[in-house]
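S.K.: Here it is, the structure, as structure tokens.
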Amino acid sequence: MNTSGMDRKQENPVKIAILEGNSLGADMDFSPFYELGEVAFYPKTSPEEMAERVRDVDIIIANKIPMCEETLAQAEKLKLICLTATGINNLDGDYLVSRGIRACNVAGYSTGAVAQHTFALLLYVWEKLRYYDDYVKSGDYSRSQTFSHYAERFFELEGKIWGIIGMGAIGQKVAQIAEAFGCRILCYSASGTKYDFPEQKWEQADFDTLLKESDIISVHAPLNRYTENLIDLDAFRKMKNTAVLVNVARGPIVNEEDLYTALVENEIEGAALDVLKEEPMAPDNPLLKIQDSKKLIITPHMAWAPVETRTRCRDEVVENIKAFLAGKDRNRVY
């Protein structure tokens, strides 16, 4: 199969299938893709619908749907897969290489947004903001005899130890912001990578040290054989009972059943999650039983999703396609 690029000026236009348009939002302007070729737009696609939708396309734009022999066997003309995401867990690399199908992702587009959400989640739990918001809106504050109310204790971030699992672009951004709050940074690489920060003095620790010493632990690592189920009940029992866990990386890094146990048994103070093992959330997820927002907040995988961030993601995919059509590689993963 010729994968050296395609001439948009040829008589037959490039055929592009956007398979999971809803992943970028109903408010997204998809017109830049229509300038590149003939576009078929689908808000969402199931694996069962794949065969018909990809049968005659040159380029697929997707997010989570599996890209493997089962879903792509009928895609005889397929030359490029573009993900509207950084993670590539849904790509069967061996199969794509065997077919000569290129694939590219988008990286670095959401660093600021995910770091921002990390602190939104942490501060919501750390300062018991749901409790204090309810206190005011219930009318209790209007009936108070004092100007202030602080029945739920909370603490300063300054002087606390912030442990970071995964020091890629997002982890480093979080470290910089945490330092601005006056935190001391510990970091851990599950793969054993030795971090080298030329301009920073962040301390790399082993896993047990990070668990035992950190007041806050945030997760920014990819999901792989080193990180899956990394934070289990044994890990929670090594953490301070005043510690707060934040996971904005991948759901399966944290064992959700063990997190439930750790929270109800007060092994840790609280947790804040933007990712779950199963998304959308399974109705039998034990974490749904915890209705106390002083202990737990869960957001629906939206840390990456400010308007500017999603637009940047779209634009990166457009540039990936333009590069391919010009016979160049850009953000290529296979």
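Ligands are numbered from 1 in the order shown, chains are lettered A, B, ... in the order of the structure tokens, and residues start at 1 in each chain.
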Please produce, as CSV, a per-residue contact table for stretch 44-132 of chain A versus stretch 243-256 of chain A (criterion: any atom at most 9 Å away, only C-alpha atoms considered), showing the nearest atom pair and its distance in Å to one decimal, sorted by chain then residue number.

M.R.:
residue,atom,partner,partner_atom,distance
A:Val114,CA,A:Val248,CA,7.2
A:Ala115,CA,A:Val248,CA,8.8
A:His117,CA,A:Val248,CA,8.2
A:Thr118,CA,A:Val248,CA,6.8
A:Leu121,CA,A:Val246,CA,7.3
A:Leu122,CA,A:Val246,CA,6.7
A:Val125,CA,A:Val244,CA,8.0
A:Trp126,CA,A:Val244,CA,7.5

S.K.: As a list in words, list the residues of stretch 200-259 of chain A assigned to alpha helix (DSSP H) by DSSP on the backbone atoms of this structure.

M.R.: Phe207, Asp208, Thr209, Leu210, Leu211, Lys212, Glu213, Leu233, Asp234, Ala235, Phe236, Arg237, Lys238, Glu256, Glu257, Asp258 and Leu259 of chain A

S.K.: With a distance cut-off of 12 Å and only C-alpha atoms, select the neighbouring residues of A:Ala180, excluding the residue or stretch itself and same-chain residues fewer than 4 positions from it, and output the selection as a PyMOL selection string.

M.R.: chain A and resi 157-160+162+173-176+184-185

S.K.: Using only C-alpha atoms, which residues sit within 10 Å of A:Lys128 once same-chain residues fewer than 3 positions away are excluded, as a PDB file with C-alpha atoms, in the first residue's frame?

M.R.:
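Output saved as result_19.pdb:
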ATOM      1  CA  LEU A 122      -7.615  19.178  44.892  1.00  0.00           C
ATOM      2  CA  LEU A 123      -8.837  22.459  46.348  1.00  0.00           C
ATOM      3  CA  TYR A 124     -12.480  21.343  46.237  1.00  0.00           C
ATOM      4  CA  VAL A 125     -11.656  18.457  48.564  1.00  0.00           C
ATOM      5  CA  TYR A 131     -19.665  21.894  52.641  1.00  0.00           C
ATOM      6  CA  TYR A 132     -19.063  25.644  52.834  1.00  0.00           C
ATOM      7  CA  ASP A 133     -21.068  26.365  49.689  1.00  0.00           C
ATOM      8  CA  TYR A 150     -14.962  26.926  59.851  1.00  0.00           C
ATOM      9  CA  GLU A 152     -14.821  21.623  58.808  1.00  0.00           C
ATOM     10  CA  ARG A 153     -11.078  21.930  59.396  1.00  0.00           C
ATOM     11  CA  PHE A 154      -8.754  22.535  56.471  1.00  0.00           C
ATOM     12  CA  SER A 293     -18.131  15.497  48.735  1.00  0.00           C
ATOM     13  CA  LYS A 294     -15.705  16.309  51.548  1.00  0.00           C
ATOM     14  CA  LYS A 295     -14.220  12.874  50.878  1.00  0.00           C
TER      15      LYS A 295
END

S.K.: As a list of chain:residue names, please: the residues near A:Cys104 (cut-off 10 Å, only C-alpha atoms, same-chain neighbours under 5 positions excluded).

M.R.: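 Everything that qualifies: A:Ile61, A:Leu80, A:Ile81, A:Cys82, A:Leu83, A:Thr84, A:Ala85, A:Thr86, A:Ile88, A:Val317, A:Asn320, A:Ile321, A:Phe324, A:Asp329, A:Arg330, A:Asn331, A:Arg332, A:Val333, A:Tyr334.
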
S.K.: Find the spatial neighbours of A:Asp27, counting only C-alpha atoms, within a cut-off of 12 Å - ignore same-chain residues fewer than 6 positions away - and output them as number ranges by chain.

M.R.: A: 21, 43, 305-308, 310-311

S.K.: Write out, as a PDB file, in the first residue's frame, the residues just selected, with N, CA and C atoms.

M.R.:
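Writing done, so here's again_30.pdb:
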ATOM      1  N   GLY A  21     -17.467  12.146  16.511  1.00  0.00           N
ATOM      2  CA  GLY A  21     -17.503  13.598  16.566  1.00  0.00           C
ATOM      3  C   GLY A  21     -17.892  14.141  17.928  1.00  0.00           C
ATOM      4  N   PRO A  43     -21.627  11.258  14.903  1.00  0.00           N
ATOM      5  CA  PRO A  43     -21.456  11.666  16.304  1.00  0.00           C
ATOM      6  C   PRO A  43     -20.780  10.588  17.144  1.00  0.00           C
ATOM      7  N   ALA A 305     -10.954  19.331  28.573  1.00  0.00           N
ATOM      8  CA  ALA A 305     -12.003  19.787  27.680  1.00  0.00           C
ATOM      9  C   ALA A 305     -12.403  21.259  27.715  1.00  0.00           C
ATOM     10  N   PRO A 306     -11.588  22.203  28.220  1.00  0.00           N
ATOM     11  CA  PRO A 306     -11.937  23.606  27.982  1.00  0.00           C
ATOM     12  C   PRO A 306     -12.092  23.880  26.483  1.00  0.00           C
ATOM     13  N   VAL A 307     -12.851  24.884  26.141  1.00  0.00           N
ATOM     14  CA  VAL A 307     -13.121  25.180  24.734  1.00  0.00           C
ATOM     15  C   VAL A 307     -11.824  25.346  23.945  1.00  0.00           C
ATOM     16  N   GLU A 308     -10.884  26.104  24.517  1.00  0.00           N
ATOM     17  CA  GLU A 308      -9.634  26.351  23.791  1.00  0.00           C
ATOM     18  C   GLU A 308      -8.849  25.055  23.579  1.00  0.00           C
ATOM     19  N   ARG A 310     -10.032  21.880  23.371  1.00  0.00           N
ATOM     20  CA  ARG A 310     -10.652  21.030  22.348  1.00  0.00           C
ATOM     21  C   ARG A 310     -10.422  21.590  20.952  1.00  0.00           C
ATOM     22  N   THR A 311     -10.470  22.903  20.833  1.00  0.00           N
ATOM     23  CA  THR A 311     -10.195  23.531  19.538  1.00  0.00           C
ATOM     24  C   THR A 311      -8.753  23.276  19.113  1.00  0.00           C
TER      25      THR A 311
END

S.K.: Do you know which residues are at most 10 Å from A:Pro66 counting only C-alpha atoms, after dropping those on the same chain fewer than 6 positions away, and could you put them as a ChimeraX atom specification?

M.R.: /A:46-47,50,72,88-92

S.K.: To one decimal place, how far is atom CA of A:Glu69 from atom CA of A:Glu48 in Å?

M.R.: 12.8 Å

S.K.: Taking the DSSP assignment computed from this structure's backbone, write out as a ChimeraX atom specification all residues of stretch 49-112 of chain A that belong to strand (DSSP E or B).

M.R.: /A:59-62,67,80-83,91,102-104

S.K.: Rank nothing, just name the residue among A:Ser23, A:Leu263, A:Cys313, A:Leu276 nearest to A:Lys289, using only C-alpha atoms.

M.R.: A:Leu263

S.K.: Given the choices A:Arg102, A:Glu265, A:Ser144, A:Glu35, which gets closest to A:Lys328 if the distance is worked out from only C-alpha atoms?

M.R.: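 Selected residue with least distance to A:Lys328: A:Arg102.
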
S.K.: Go through A:Thr309, A:Asn22, A:Gln172, A:Ser189 and flag the residue nearest A:Thr227, using only C-alpha atoms for the distances.

M.R.: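 Smallest distance to A:Thr227 is found for A:Ser189.
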